[in-house]
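Asker: I'd like to ask some things about the structure below.
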Amino acid sequence: MPRLAEARDAAEPSSVEQRARYGRILDAAAVLAAEKELERVQMHEVAKSAGVAIGTLYRYFPSKTHLFVAVMVDQIDQMGAGLTRRPKGAGSPADAVYEILLRATRALLRRPMLATAMIQSAATSNAATIPDVAKIDQHFDAQLLDAAGIAEPSVRDTTVIRLIVSLWFGLIQSSLNGRASIPEIESDLRIACDLLLADLTGTNG
């Protein structure tokens, strides 16, 4: 598509029917990207698989980057829907954050091509032109704070959570690039959580 399409504002689904179409598009894109590299995923085949017109697809997602940033937001939200708030006395906040990141790591690495497509799209996105990219950090950070039992995070809490998420993305990228094994990144993640999250100061809810 022409460059102008990348700068066009993406439409937001408003009706039940539109949200259903939007969800089908995200699901279709995730399935296709799990099977082949991002460069080989074509927008017309996403539209066909989702059962929508190509114009509908481009109305919601002006570019493939818009699409896979939204897929990543959706994947994070799906993961969050299956989580429960950390019960009082059930381990430290650092343990809770580590467990979520460990689950997220294993889920991503089960579908490495999809993980690469999402992370590559997010890494090349500017929040000024693709606003959904900001939701990736916002939604993920909120899930981690909630799982840690922190209802009123301090500035330091939000900072260290942001740091651990940035570090986690780097570890995932190292695994996807073949520079680190899964046991290695899990061990590194455990150490990082112990070091960075040992004294989270938020108020437990």
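Note on naming: chains are A, B, ... as they come in the structure tokens, residues start from 1 per chain, ligands start from 1 in the order shown.
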Could you please write out, as JSON, numbers by chain, every residue of chain A that DSSP assigns to strand (DSSP E or B)?

Answerer: {"A": [150, 151, 152, 203, 204]}

Asker: Write the residues of the selection above to a file with all heavy atoms, as a short mmCIF file (atom, residue, chain, number, x, y, z; two decimals), in the first residue's frame.

Answerer:
data_model
loop_
_atom_site.label_atom_id
_atom_site.label_comp_id
_atom_site.auth_asym_id
_atom_site.auth_seq_id
_atom_site.Cartn_x
_atom_site.Cartn_y
_atom_site.Cartn_z
N ILE A 150 -0.16 -4.80 43.82
CA ILE A 150 0.13 -3.38 44.05
C ILE A 150 -1.00 -2.54 43.47
O ILE A 150 -1.12 -2.38 42.26
CB ILE A 150 1.49 -2.98 43.44
CG1 ILE A 150 2.60 -3.78 44.12
CG2 ILE A 150 1.74 -1.49 43.59
CD1 ILE A 150 3.96 -3.57 43.52
N ALA A 151 -1.84 -2.04 44.35
CA ALA A 151 -3.00 -1.26 43.92
C ALA A 151 -2.67 0.21 43.70
O ALA A 151 -3.28 0.88 42.87
CB ALA A 151 -4.12 -1.38 44.95
N GLU A 152 -1.70 0.72 44.44
CA GLU A 152 -1.32 2.13 44.34
C GLU A 152 0.19 2.22 44.15
O GLU A 152 0.94 2.47 45.09
CB GLU A 152 -1.75 2.89 45.60
CG GLU A 152 -3.25 2.87 45.83
CD GLU A 152 -3.63 3.54 47.15
OE1 GLU A 152 -2.77 4.22 47.74
OE2 GLU A 152 -4.79 3.37 47.58
N THR A 203 1.35 -0.02 47.57
CA THR A 203 0.42 -0.45 48.62
C THR A 203 -0.34 -1.68 48.16
O THR A 203 -0.98 -1.65 47.11
CB THR A 203 -0.58 0.68 48.94
OG1 THR A 203 0.15 1.82 49.35
CG2 THR A 203 -1.52 0.23 50.05
N ASN A 204 -0.27 -2.75 48.89
CA ASN A 204 -1.00 -3.95 48.52
C ASN A 204 -2.50 -3.72 48.70
O ASN A 204 -2.93 -3.13 49.69
CB ASN A 204 -0.59 -5.14 49.39
CG ASN A 204 0.79 -5.65 49.01
OD1 ASN A 204 1.28 -5.35 47.93
ND2 ASN A 204 1.39 -6.43 49.89
#

Asker: If we count only C-alpha atoms and set the cut-off at 10 Å, which residues sit around Glu186 of chain A, ignoring sequence neighbours fewer than 2 positions away in its own chain? Please answer as an NGL selection string.

Answerer: :A and (98 or 101-102 or 105-106 or 168 or 171-172 or 180-184 or 188-192)

Asker: Residues near Glu35 of chain A, anyone? I mean within 10 Å using only C-alpha atoms, not counting same-chain ones fewer than 5 positions away, as a ChimeraX atom specification.

Answerer: /A:30,40-41,111-114

Asker: Have a look at atom CA of Ala148 of chain A and atom CA of Met72 of chain A and let me know their distance in Å, one decimal.

Answerer: 22.1 Å

Asker: Between A:Ala29, A:Val73, A:Ala104, A:Ile119, which one has atoms that come closest to His44 of chain A, using only C-alpha atoms?

Answerer: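 Using only C-alpha atoms, His44 of chain A sits closest to A:Ala29.
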
Asker: Any chance you could list, as a VMD selection string, the residues in segment 136-180 of chain A that come up alpha helix (DSSP H) when DSSP is run on the backbone?

Answerer: chain A and resid 136 to 147 155 to 176

Asker: Which distance in Å separates atom CA of Leu26 of chain A and atom CA of Ile185 of chain A, to one decimal?

Answerer: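 According to the coordinates, atom CA of Leu26 of chain A and atom CA of Ile185 of chain A are separated by 28.3 Å.
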
Asker: Just checking: using only C-alpha atoms, which residue out of A:Ala117, A:Val69, A:Val46, A:Leu196 ends up closest to Lys135 of chain A?

Answerer: A:Val69

Asker: If we count only C-alpha atoms and set the cut-off at 12 Å, which residues sit around Asn126 of chain A, ignoring sequence neighbours fewer than 5 positions away in its own chain? Please answer as a count of residues only.

Answerer: 10

Asker: Quick one: pull the distance between atom CA of Gln173 of chain A and atom CA of Thr116 of chain A, Å, one decimal.

Answerer: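 So the answer is 7.9 Å.
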
Asker: Env of Ser92 of chain A: 9 Å cut, atoms = only C-alpha atoms, seq-sep filter 4 positions within chain, self excluded. Answer as a PyMOL selection string.

Answerer: chain A and resi 96-97+148+198

Asker: Between A:Leu195, A:Gln18, A:Phe169, A:Lys64, which one has atoms that come closest to Ser125 of chain A, using only C-alpha atoms?

Answerer: A:Lys64

Asker: Fewer than 4 positions away in the same chain doesn't count, so skip those; otherwise give me all residues within 9 Å of segment 10-13 of chain A, counting only C-alpha atoms, as a list in words.

Answerer: Glu17, Gln18, Arg19, Ala20, Arg21, Tyr22, Tyr58, Arg59, Tyr60, Phe61, Pro62, His66 and Ile130 of chain A
